[in-house]
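Shown next: final10.pdb, containing PDB, C-alpha atoms.
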```
ATOM      1  CA  MET A 212      31.269 171.411-101.782  1.00  0.00           C
ATOM      2  CA  ALA A 213      32.564 169.153-104.563  1.00  0.00           C
ATOM      3  CA  ALA A 214      36.226 169.433-105.480  1.00  0.00           C
ATOM      4  CA  PRO A 215      36.907 171.111-108.834  1.00  0.00           C
ATOM      5  CA  GLN A 216      37.337 168.560-111.583  1.00  0.00           C
ATOM      6  CA  ASP A 217      40.810 167.938-112.959  1.00  0.00           C
ATOM      7  CA  PRO A 218      40.851 169.672-116.377  1.00  0.00           C
ATOM      8  CA  ILE A 219      42.605 166.663-117.926  1.00  0.00           C
ATOM      9  CA  VAL A 220      39.829 164.369-116.686  1.00  0.00           C
ATOM     10  CA  ARG A 221      37.264 166.728-118.174  1.00  0.00           C
ATOM     11  CA  VAL A 222      38.912 166.591-121.608  1.00  0.00           C
ATOM     12  CA  LEU A 223      39.464 162.821-121.460  1.00  0.00           C
ATOM     13  CA  GLN A 224      35.705 162.353-121.062  1.00  0.00           C
ATOM     14  CA  GLU A 225      35.414 163.226-124.757  1.00  0.00           C
ATOM     15  CA  TYR A 226      37.537 160.298-125.923  1.00  0.00           C
ATOM     16  CA  THR A 227      37.347 156.506-126.014  1.00  0.00           C
ATOM     17  CA  THR A 228      39.995 154.171-124.678  1.00  0.00           C
ATOM     18  CA  CYS A 229      40.965 153.509-128.310  1.00  0.00           C
ATOM     19  CA  ASP A 230      41.569 157.229-128.838  1.00  0.00           C
ATOM     20  CA  VAL A 231      43.804 157.307-125.761  1.00  0.00           C
ATOM     21  CA  SER A 232      45.732 154.234-126.920  1.00  0.00           C
ATOM     22  CA  ASP A 233      46.258 155.703-130.395  1.00  0.00           C
ATOM     23  CA  ALA A 234      47.838 158.784-128.835  1.00  0.00           C
ATOM     24  CA  LEU A 235      50.023 156.741-126.497  1.00  0.00           C
ATOM     25  CA  CYS A 236      51.215 154.586-129.403  1.00  0.00           C
ATOM     26  CA  LYS A 237      52.324 157.763-131.159  1.00  0.00           C
ATOM     27  CA  LEU A 238      54.268 158.629-128.006  1.00  0.00           C
ATOM     28  CA  LYS A 239      55.850 155.144-128.088  1.00  0.00           C
ATOM     29  CA  TYR A 240      54.250 154.092-124.807  1.00  0.00           C
ATOM     30  CA  ARG A 241      54.021 150.315-124.731  1.00  0.00           C
ATOM     31  CA  ASN A 242      50.762 148.683-125.845  1.00  0.00           C
ATOM     32  CA  GLY A 243      49.151 152.118-125.978  1.00  0.00           C
ATOM     33  CA  GLY A 244      48.572 151.829-122.227  1.00  0.00           C
ATOM     34  CA  PHE A 245      46.118 148.936-122.679  1.00  0.00           C
ATOM     35  CA  LEU A 246      45.673 146.707-119.604  1.00  0.00           C
ATOM     36  CA  SER A 247      44.828 143.259-120.924  1.00  0.00           C
ATOM     37  CA  GLY A 248      42.137 141.013-119.483  1.00  0.00           C
ATOM     38  CA  LEU A 249      40.058 143.684-117.726  1.00  0.00           C
ATOM     39  CA  THR A 250      36.480 144.079-118.974  1.00  0.00           C
ATOM     40  CA  MET A 251      33.200 145.684-117.891  1.00  0.00           C
ATOM     41  CA  TRP A 252      30.941 143.738-115.508  1.00  0.00           C
ATOM     42  CA  SER A 253      28.791 146.481-113.998  1.00  0.00           C
ATOM     43  CA  PRO A 254      26.455 148.292-114.471  1.00  0.00           C
ATOM     44  CA  GLN A 255      26.164 145.923-117.447  1.00  0.00           C
ATOM     45  CA  ARG A 256      28.278 143.152-118.920  1.00  0.00           C
ATOM     46  CA  GLN A 257      30.098 144.639-121.907  1.00  0.00           C
ATOM     47  CA  ASP A 258      27.145 146.781-122.945  1.00  0.00           C
ATOM     48  CA  GLY A 259      25.979 150.367-122.727  1.00  0.00           C
ATOM     49  CA  SER A 260      27.747 153.709-122.717  1.00  0.00           C
ATOM     50  CA  THR A 261      29.501 153.450-119.328  1.00  0.00           C
ATOM     51  CA  LYS A 262      32.910 155.111-119.253  1.00  0.00           C
ATOM     52  CA  ILE A 263      35.051 156.034-116.262  1.00  0.00           C
ATOM     53  CA  VAL A 264      37.963 158.456-116.151  1.00  0.00           C
ATOM     54  CA  GLY A 265      40.002 159.450-113.126  1.00  0.00           C
ATOM     55  CA  PRO A 266      43.322 159.258-111.293  1.00  0.00           C
ATOM     56  CA  ALA A 267      44.257 155.850-109.953  1.00  0.00           C
ATOM     57  CA  TYR A 268      43.957 155.054-106.250  1.00  0.00           C
ATOM     58  CA  THR A 269      45.876 151.797-105.957  1.00  0.00           C
ATOM     59  CA  VAL A 270      45.454 148.928-103.504  1.00  0.00           C
ATOM     60  CA  LYS A 271      48.013 146.115-103.224  1.00  0.00           C
ATOM     61  CA  TYR A 272      47.043 142.677-101.901  1.00  0.00           C
ATOM     62  CA  VAL A 273      49.812 140.179-101.072  1.00  0.00           C
ATOM     63  CA  PRO A 274      49.799 136.583 -99.710  1.00  0.00           C
ATOM     64  CA  LEU A 275      49.417 136.204 -95.941  1.00  0.00           C
ATOM     65  CA  ASP A 276      52.960 134.850 -95.645  1.00  0.00           C
ATOM     66  CA  ASP A 277      54.445 137.920 -97.324  1.00  0.00           C
ATOM     67  CA  PRO A 278      56.743 139.704 -94.815  1.00  0.00           C
ATOM     68  CA  SER A 279      55.087 143.063 -95.497  1.00  0.00           C
ATOM     69  CA  PRO A 280      52.903 144.203 -92.581  1.00  0.00           C
ATOM     70  CA  LYS A 281      49.179 144.509 -93.092  1.00  0.00           C
ATOM     71  CA  HIS A 282      47.995 148.017 -93.927  1.00  0.00           C
ATOM     72  CA  PRO A 283      46.745 149.526 -90.641  1.00  0.00           C
ATOM     73  CA  THR A 284      43.418 150.917 -91.894  1.00  0.00           C
ATOM     74  CA  HIS A 285      40.835 149.841 -94.436  1.00  0.00           C
ATOM     75  CA  TYR A 286      41.745 151.198 -97.850  1.00  0.00           C
ATOM     76  CA  ILE A 287      38.147 151.855 -98.835  1.00  0.00           C
ATOM     77  CA  ASP A 288      37.777 154.599 -96.210  1.00  0.00           C
ATOM     78  CA  SER A 289      40.491 156.731 -97.842  1.00  0.00           C
ATOM     79  CA  VAL A 290      39.312 156.802-101.467  1.00  0.00           C
ATOM     80  CA  PRO A 291      39.554 160.352-102.856  1.00  0.00           C
ATOM     81  CA  GLU A 292      36.661 161.961-104.669  1.00  0.00           C
ATOM     82  CA  GLY A 293      36.904 161.436-108.425  1.00  0.00           C
ATOM     83  CA  ALA A 294      39.321 158.509-108.162  1.00  0.00           C
ATOM     84  CA  VAL A 295      39.296 155.165-109.921  1.00  0.00           C
ATOM     85  CA  VAL A 296      40.001 152.419-107.372  1.00  0.00           C
ATOM     86  CA  PHE A 297      42.544 149.948-108.772  1.00  0.00           C
ATOM     87  CA  VAL A 298      42.874 146.729-106.753  1.00  0.00           C
ATOM     88  CA  SER A 299      45.866 144.481-107.416  1.00  0.00           C
ATOM     89  CA  CYS A 300      46.238 140.920-106.161  1.00  0.00           C
ATOM     90  CA  PRO A 301      48.483 137.947-106.983  1.00  0.00           C
ATOM     91  CA  ALA A 302      47.711 136.316-110.326  1.00  0.00           C
ATOM     92  CA  LYS A 303      45.259 133.396-110.377  1.00  0.00           C
ATOM     93  CA  THR A 304      43.906 134.086-106.888  1.00  0.00           C
ATOM     94  CA  PRO A 305      40.637 132.075-106.706  1.00  0.00           C
ATOM     95  CA  ASN A 306      39.061 134.302-104.046  1.00  0.00           C
ATOM     96  CA  ALA A 307      37.385 137.631-104.715  1.00  0.00           C
ATOM     97  CA  VAL A 308      39.241 140.690-103.448  1.00  0.00           C
ATOM     98  CA  TYR A 309      36.413 143.200-103.745  1.00  0.00           C
ATOM     99  CA  GLY A 310      32.689 143.209-102.946  1.00  0.00           C
ATOM    100  CA  GLY A 311      29.466 145.142-102.826  1.00  0.00           C
ATOM    101  CA  LEU A 312      30.102 146.996 -99.576  1.00  0.00           C
ATOM    102  CA  MET A 313      33.385 148.264-101.021  1.00  0.00           C
ATOM    103  CA  SER A 314      31.483 149.801-103.918  1.00  0.00           C
ATOM    104  CA  THR A 315      28.863 151.240-101.577  1.00  0.00           C
ATOM    105  CA  ARG A 316      31.581 153.055 -99.617  1.00  0.00           C
ATOM    106  CA  ALA A 317      33.510 154.065-102.733  1.00  0.00           C
ATOM    107  CA  GLN A 318      30.389 155.485-104.335  1.00  0.00           C
ATOM    108  CA  VAL A 319      29.564 157.543-101.241  1.00  0.00           C
ATOM    109  CA  SER A 320      33.164 158.832-101.261  1.00  0.00           C
ATOM    110  CA  GLY A 321      32.757 160.027-104.838  1.00  0.00           C
ATOM    111  CA  ALA A 322      34.836 157.402-106.649  1.00  0.00           C
ATOM    112  CA  VAL A 323      33.903 157.055-110.308  1.00  0.00           C
ATOM    113  CA  GLY A 324      34.445 153.297-110.543  1.00  0.00           C
ATOM    114  CA  SER A 325      36.700 150.375-109.640  1.00  0.00           C
ATOM    115  CA  VAL A 326      39.098 148.223-111.644  1.00  0.00           C
ATOM    116  CA  ILE A 327      39.886 144.847-110.107  1.00  0.00           C
ATOM    117  CA  ASP A 328      42.989 143.049-111.349  1.00  0.00           C
ATOM    118  CA  GLY A 329      41.534 139.770-110.129  1.00  0.00           C
ATOM    119  CA  ARG A 330      38.092 138.554-109.030  1.00  0.00           C
ATOM    120  CA  PHE A 331      35.266 140.484-107.404  1.00  0.00           C
ATOM    121  CA  ARG A 332      31.908 139.390-105.986  1.00  0.00           C
ATOM    122  CA  ASP A 333      28.330 140.560-105.277  1.00  0.00           C
ATOM    123  CA  LEU A 334      27.688 141.239-108.945  1.00  0.00           C
ATOM    124  CA  GLN A 335      23.960 141.837-108.552  1.00  0.00           C
ATOM    125  CA  GLU A 336      24.616 144.308-105.739  1.00  0.00           C
ATOM    126  CA  GLN A 337      27.143 146.149-107.907  1.00  0.00           C
ATOM    127  CA  ARG A 338      24.560 146.442-110.672  1.00  0.00           C
ATOM    128  CA  GLU A 339      21.855 147.633-108.314  1.00  0.00           C
ATOM    129  CA  LEU A 340      24.244 150.397-107.252  1.00  0.00           C
ATOM    130  CA  GLN A 341      24.846 151.194-110.943  1.00  0.00           C
ATOM    131  CA  TYR A 342      28.503 151.331-109.954  1.00  0.00           C
ATOM    132  CA  PRO A 343      31.081 150.722-112.697  1.00  0.00           C
ATOM    133  CA  ILE A 344      33.223 147.623-112.232  1.00  0.00           C
ATOM    134  CA  PHE A 345      35.938 146.406-114.587  1.00  0.00           C
ATOM    135  CA  ALA A 346      37.643 143.155-113.621  1.00  0.00           C
ATOM    136  CA  ARG A 347      39.149 139.855-114.714  1.00  0.00           C
ATOM    137  CA  ASP A 348      36.362 137.636-113.396  1.00  0.00           C
ATOM    138  CA  VAL A 349      33.835 137.024-110.631  1.00  0.00           C
ATOM    139  CA  GLY A 350      34.119 134.888-107.496  1.00  0.00           C
ATOM    140  CA  THR A 351      32.265 134.112-104.266  1.00  0.00           C
ATOM    141  CA  ALA A 352      34.749 133.721-101.385  1.00  0.00           C
ATOM    142  CA  PRO A 353      36.302 136.706 -99.557  1.00  0.00           C
ATOM    143  CA  PRO A 354      40.100 137.145 -99.618  1.00  0.00           C
ATOM    144  CA  ALA A 355      40.992 136.927 -95.897  1.00  0.00           C
ATOM    145  CA  GLU A 356      42.057 133.262 -95.883  1.00  0.00           C
ATOM    146  CA  LEU A 357      44.697 133.929 -98.543  1.00  0.00           C
ATOM    147  CA  LEU A 358      45.606 137.595 -98.753  1.00  0.00           C
ATOM    148  CA  LYS A 359      46.099 140.866 -96.895  1.00  0.00           C
ATOM    149  CA  VAL A 360      46.333 144.476 -98.022  1.00  0.00           C
ATOM    150  CA  ALA A 361      49.967 145.504 -97.678  1.00  0.00           C
ATOM    151  CA  ALA A 362      49.914 148.980 -99.203  1.00  0.00           C
ATOM    152  CA  VAL A 363      47.735 151.729-100.602  1.00  0.00           C
ATOM    153  CA  ASN A 364      48.721 154.324-103.190  1.00  0.00           C
ATOM    154  CA  VAL A 365      51.882 152.554-104.322  1.00  0.00           C
ATOM    155  CA  PRO A 366      52.867 151.460-107.840  1.00  0.00           C
ATOM    156  CA  VAL A 367      51.440 148.044-108.751  1.00  0.00           C
ATOM    157  CA  LYS A 368      52.132 145.680-111.636  1.00  0.00           C
ATOM    158  CA  LEU A 369      49.405 144.318-113.873  1.00  0.00           C
ATOM    159  CA  GLN A 370      49.041 140.659-112.877  1.00  0.00           C
ATOM    160  CA  THR A 371      49.442 138.966-116.242  1.00  0.00           C
ATOM    161  CA  ASP A 372      52.198 137.249-118.195  1.00  0.00           C
ATOM    162  CA  GLU A 373      51.021 138.979-121.382  1.00  0.00           C
ATOM    163  CA  GLN A 374      52.456 142.380-120.518  1.00  0.00           C
ATOM    164  CA  ASP A 375      54.807 144.286-118.256  1.00  0.00           C
ATOM    165  CA  MET A 376      52.586 147.196-117.208  1.00  0.00           C
ATOM    166  CA  GLU A 377      52.640 149.375-114.123  1.00  0.00           C
ATOM    167  CA  ILE A 378      49.837 151.460-112.622  1.00  0.00           C
ATOM    168  CA  ARG A 379      50.969 154.291-110.366  1.00  0.00           C
ATOM    169  CA  PRO A 380      48.940 156.441-107.997  1.00  0.00           C
ATOM    170  CA  GLY A 381      47.663 159.459-109.910  1.00  0.00           C
ATOM    171  CA  ASP A 382      48.075 157.933-113.373  1.00  0.00           C
ATOM    172  CA  TYR A 383      44.856 158.380-115.323  1.00  0.00           C
ATOM    173  CA  LEU A 384      42.686 155.296-115.801  1.00  0.00           C
ATOM    174  CA  ILE A 385      40.162 155.300-118.633  1.00  0.00           C
ATOM    175  CA  ALA A 386      37.744 152.389-119.037  1.00  0.00           C
ATOM    176  CA  ASP A 387      34.858 151.663-121.401  1.00  0.00           C
ATOM    177  CA  LEU A 388      33.491 148.856-123.587  1.00  0.00           C
ATOM    178  CA  ASN A 389      36.860 148.424-125.268  1.00  0.00           C
ATOM    179  CA  GLY A 390      38.744 147.805-122.029  1.00  0.00           C
ATOM    180  CA  VAL A 391      40.978 149.671-119.595  1.00  0.00           C
ATOM    181  CA  VAL A 392      43.865 151.999-120.444  1.00  0.00           C
ATOM    182  CA  VAL A 393      46.427 153.654-118.177  1.00  0.00           C
ATOM    183  CA  LEU A 394      47.629 157.109-119.210  1.00  0.00           C
ATOM    184  CA  PRO A 395      50.813 158.029-117.323  1.00  0.00           C
ATOM    185  CA  VAL A 396      50.307 161.407-115.737  1.00  0.00           C
ATOM    186  CA  GLU A 397      53.496 162.836-117.262  1.00  0.00           C
ATOM    187  CA  LEU A 398      52.282 162.015-120.800  1.00  0.00           C
ATOM    188  CA  ALA A 399      48.752 163.381-120.450  1.00  0.00           C
ATOM    189  CA  GLU A 400      49.363 166.888-121.754  1.00  0.00           C
ATOM    190  CA  GLN A 401      51.272 165.551-124.764  1.00  0.00           C
ATOM    191  CA  ALA A 402      48.607 162.943-125.502  1.00  0.00           C
ATOM    192  CA  LEU A 403      45.524 165.181-125.483  1.00  0.00           C
ATOM    193  CA  PRO A 404      46.265 167.144-128.692  1.00  0.00           C
ATOM    194  CA  LEU A 405      47.193 163.894-130.448  1.00  0.00           C
ATOM    195  CA  MET A 406      43.783 162.469-129.537  1.00  0.00           C
ATOM    196  CA  LYS A 407      42.031 165.535-130.916  1.00  0.00           C
ATOM    197  CA  LYS A 408      43.955 165.406-134.198  1.00  0.00           C
ATOM    198  CA  GLN A 409      43.364 161.669-134.631  1.00  0.00           C
ATOM    199  CA  VAL A 410      39.623 161.850-133.933  1.00  0.00           C
ATOM    200  CA  GLU A 411      39.159 164.762-136.319  1.00  0.00           C
ATOM    201  CA  ALA A 412      41.036 162.867-139.045  1.00  0.00           C
ATOM    202  CA  ASP A 413      39.058 159.670-138.443  1.00  0.00           C
ATOM    203  CA  ASP A 414      35.760 161.556-138.607  1.00  0.00           C
ATOM    204  CA  LYS A 415      36.718 163.023-141.988  1.00  0.00           C
ATOM    205  CA  MET A 416      37.849 159.616-143.215  1.00  0.00           C
ATOM    206  CA  ALA A 417      34.570 157.995-142.188  1.00  0.00           C
ATOM    207  CA  ILE A 418      32.566 160.583-144.170  1.00  0.00           C
ATOM    208  CA  GLU A 419      34.596 160.033-147.329  1.00  0.00           C
ATOM    209  CA  ILE A 420      34.699 156.244-147.025  1.00  0.00           C
ATOM    210  CA  LYS A 421      30.884 156.208-146.825  1.00  0.00           C
ATOM    211  CA  LYS A 422      30.871 158.205-150.067  1.00  0.00           C
ATOM    212  CA  GLY A 423      32.998 155.542-151.777  1.00  0.00           C
ATOM    213  CA  MET A 424      36.603 156.604-151.137  1.00  0.00           C
ATOM    214  CA  THR A 425      38.945 153.729-150.352  1.00  0.00           C
ATOM    215  CA  PHE A 426      40.502 153.451-146.933  1.00  0.00           C
ATOM    216  CA  SER A 427      43.962 153.899-148.407  1.00  0.00           C
ATOM    217  CA  GLU A 428      42.934 157.088-150.182  1.00  0.00           C
ATOM    218  CA  ALA A 429      41.213 158.500-147.122  1.00  0.00           C
ATOM    219  CA  SER A 430      44.144 157.628-144.891  1.00  0.00           C
ATOM    220  CA  LYS A 431      46.603 159.308-147.232  1.00  0.00           C
ATOM    221  CA  LYS A 432      44.429 162.430-147.492  1.00  0.00           C
ATOM    222  CA  PHE A 433      43.564 162.982-143.835  1.00  0.00           C
ATOM    223  CA  ARG A 434      46.201 161.297-141.687  1.00  0.00           C
TER     224      ARG A 434
END
```
Would you write the structure of this file as structure tokens?
Amino acid sequence: MAAPQDPIVRVLQEYTTCDVSDALCKLKYRNGGFLSGLTMWSPQRQDGSTKIVGPAYTVKYVPLDDPSPKHPTHYIDSVPEGAVVFVSCPAKTPNAVYGGLMSTRAQVSGAVGSVIDGRFRDLQEQRELQYPIFARDVGTAPPAELLKVAAVNVPVKLQTDEQDMEIRPGDYLIADLNGVVVLPVELAEQALPLMKKQVEADDKMAIEIKKGMTFSEASKKFR
């Protein structure tokens, strides 16, 4: 029997990543939770209505010479139902750290999609699975000559010099055409009503702007 859906996940399905970021900006959370450089590759390349929402299941790759021991089991066999797999690896790693068989297993486990903070491979296979993938780029070589998995379900840093962002196990990940956003679990209940208020205001503004009202007037009236 399927696990009951997290009520916060159910509500988040109604909103875009932009809606989530707007709410997080109001709560003074840096960059509105946006995770730069991660875009949709599957089931289509930056097209369609694909959106994923779920708690993060994190995977941390490190260089082979890192003193941390290798994780004793394969991370993909422990993905919880409803999770978003978030794979972290050192910046500018040329090898892919995720492939088609990983998505096959994740999909069977009930994961809703994967976010790869690095390269992934087997793009055609991913698309044939219709499995959502958000990533930095594609690659061809597997990671074993360079990296090992050191930990699962630990906080990981976004691998970019543009931001200082952390993704923690259980934080909500939301991804769509606009990109990927992390919603810290402790801010979720505060953020949801802000999203609702903002979307309702924007909808009213759009109606009046189409009738000829200026943006400034509409913003003053509804926001």
Starting from the PyMOL selection byres ((chain A and resi 336) around 10), expand the selection into actual residues of this file and give them as a PDB file with C-alpha atoms, in the coordinates of the input.
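Final output, saved to selection.pdb:
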```pdb
ATOM      1  CA  SER A 253      28.791 146.481-113.998  1.00  0.00           C
ATOM      2  CA  PRO A 254      26.455 148.292-114.471  1.00  0.00           C
ATOM      3  CA  GLY A 310      32.689 143.209-102.946  1.00  0.00           C
ATOM      4  CA  GLY A 311      29.466 145.142-102.826  1.00  0.00           C
ATOM      5  CA  LEU A 312      30.102 146.996 -99.576  1.00  0.00           C
ATOM      6  CA  SER A 314      31.483 149.801-103.918  1.00  0.00           C
ATOM      7  CA  THR A 315      28.863 151.240-101.577  1.00  0.00           C
ATOM      8  CA  ARG A 332      31.908 139.390-105.986  1.00  0.00           C
ATOM      9  CA  ASP A 333      28.330 140.560-105.277  1.00  0.00           C
ATOM     10  CA  LEU A 334      27.688 141.239-108.945  1.00  0.00           C
ATOM     11  CA  GLN A 335      23.960 141.837-108.552  1.00  0.00           C
ATOM     12  CA  GLN A 337      27.143 146.149-107.907  1.00  0.00           C
ATOM     13  CA  ARG A 338      24.560 146.442-110.672  1.00  0.00           C
ATOM     14  CA  GLU A 339      21.855 147.633-108.314  1.00  0.00           C
ATOM     15  CA  LEU A 340      24.244 150.397-107.252  1.00  0.00           C
ATOM     16  CA  GLN A 341      24.846 151.194-110.943  1.00  0.00           C
ATOM     17  CA  TYR A 342      28.503 151.331-109.954  1.00  0.00           C
TER      18      TYR A 342
END
```
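Residue nearest A:Leu358 within the list A:Ala412, A:Ile378, A:Leu275, A:Cys300: A:Leu275 [criterion: smallest interatomic distance, all atoms listed in the file].
Here atom CA of A:Val298 stands at a distance of 12.5 Å from atom CA of A:Glu377.
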Apply the PyMOL selection byres ((chain A and resi 416) around 12) to the displayed file and report the matching residues as a compact mmCIF listing (two decimals) with C-alpha atoms, keeping the file's coordinate frame.
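Resulting contents of part22.txt:
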```
# COMPACT_ATOMS: atom_id res chain seq x y z
CA GLN A 409 43.36 161.67 -134.63
CA VAL A 410 39.62 161.85 -133.93
CA GLU A 411 39.16 164.76 -136.32
CA ALA A 412 41.04 162.87 -139.04
CA ASP A 413 39.06 159.67 -138.44
CA ASP A 414 35.76 161.56 -138.61
CA LYS A 415 36.72 163.02 -141.99
CA ALA A 417 34.57 158.00 -142.19
CA ILE A 418 32.57 160.58 -144.17
CA GLU A 419 34.60 160.03 -147.33
CA ILE A 420 34.70 156.24 -147.02
CA LYS A 421 30.88 156.21 -146.82
CA LYS A 422 30.87 158.21 -150.07
CA GLY A 423 33.00 155.54 -151.78
CA MET A 424 36.60 156.60 -151.14
CA THR A 425 38.94 153.73 -150.35
CA PHE A 426 40.50 153.45 -146.93
CA SER A 427 43.96 153.90 -148.41
CA GLU A 428 42.93 157.09 -150.18
CA ALA A 429 41.21 158.50 -147.12
CA SER A 430 44.14 157.63 -144.89
CA LYS A 431 46.60 159.31 -147.23
CA LYS A 432 44.43 162.43 -147.49
CA PHE A 433 43.56 162.98 -143.84
CA ARG A 434 46.20 161.30 -141.69
```
Which residue gives the smallest distance to A:Ala267 among A:Asp382, A:Asp375, A:Glu225, A:Glu292, with only C-alpha atoms counted?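 Result for the nearest residue to A:Ala267: A:Asp382.
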Between atom CA of A:Gly243 and atom CA of A:Arg330 - distance in Å to one decimal: 24.4 Å
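This file, filtered with the PyMOL selection byres ((chain A and resi 350-353) around 8), gives the residues A:Pro305, A:Asn306, A:Ala307, A:Val308, A:Tyr309, A:Arg330, A:Phe331, A:Arg332, A:Asp333, A:Asp348, A:Val349, A:Pro354, A:Ala355, A:Glu356.
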Please identify all polymer residues within 8 Å of A:Val264, counting only C-alpha atoms, omitting same-chain residues fewer than 2 positions from it, and present them as number ranges by chain. A: 220, 223-224, 262, 266, 295, 323, 383-386
Pick from A:Ser232, A:Ser279, A:Thr269, A:Thr304: nearest to A:Ala399, with all atoms listed in the file counted?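 With all atoms listed in the file as the atom set, the closest residue is A:Ser232.
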By how many Å are atom CA of A:Gly324 and atom CA of A:Trp252 apart?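 Going from atom CA of A:Gly324 over to atom CA of A:Trp252 covers 11.3 Å.
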Selected residue of minimal separation from A:Pro343 among A:Gln216, A:Ser325, A:Gln374, A:Asn364, counting only C-alpha atoms: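 Looking only at the distances to A:Pro343, the closest residue turns out to be A:Ser325.
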Measuring between all atoms listed in the file, which one of A:Lys368, A:Lys407, A:Arg241, A:His285 shows the shortest distance to A:Thr227?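 Closest candidate: A:Lys407.
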Best match for closeness to A:Ile219 among A:Ala302, A:Gln318, A:Phe297, A:Gly265, counting all atoms listed in the file: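 Going through A:Ala302, A:Gln318, A:Phe297, A:Gly265 one by one, the smallest distance to A:Ile219 is for A:Gly265.
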Give me the box for stretch 349-364 of chain A as AutoDock Vina command-line options, namely the centre and edge lengths in Å to one decimal of a box along x, y and z that holds every listed atom plus 6 Å on each side.
```
--center_x 41.1 --center_y 143.8 --center_z -103.3 --size_x 29.7 --size_y 33.1 --size_z 26.7
```
Just the residues within 8 Å of A:Pro274, please, counting only C-alpha atoms, with nothing from its chain fewer than 4 positions along; format it as a PyMOL selection string. chain A and resi 301+357-359
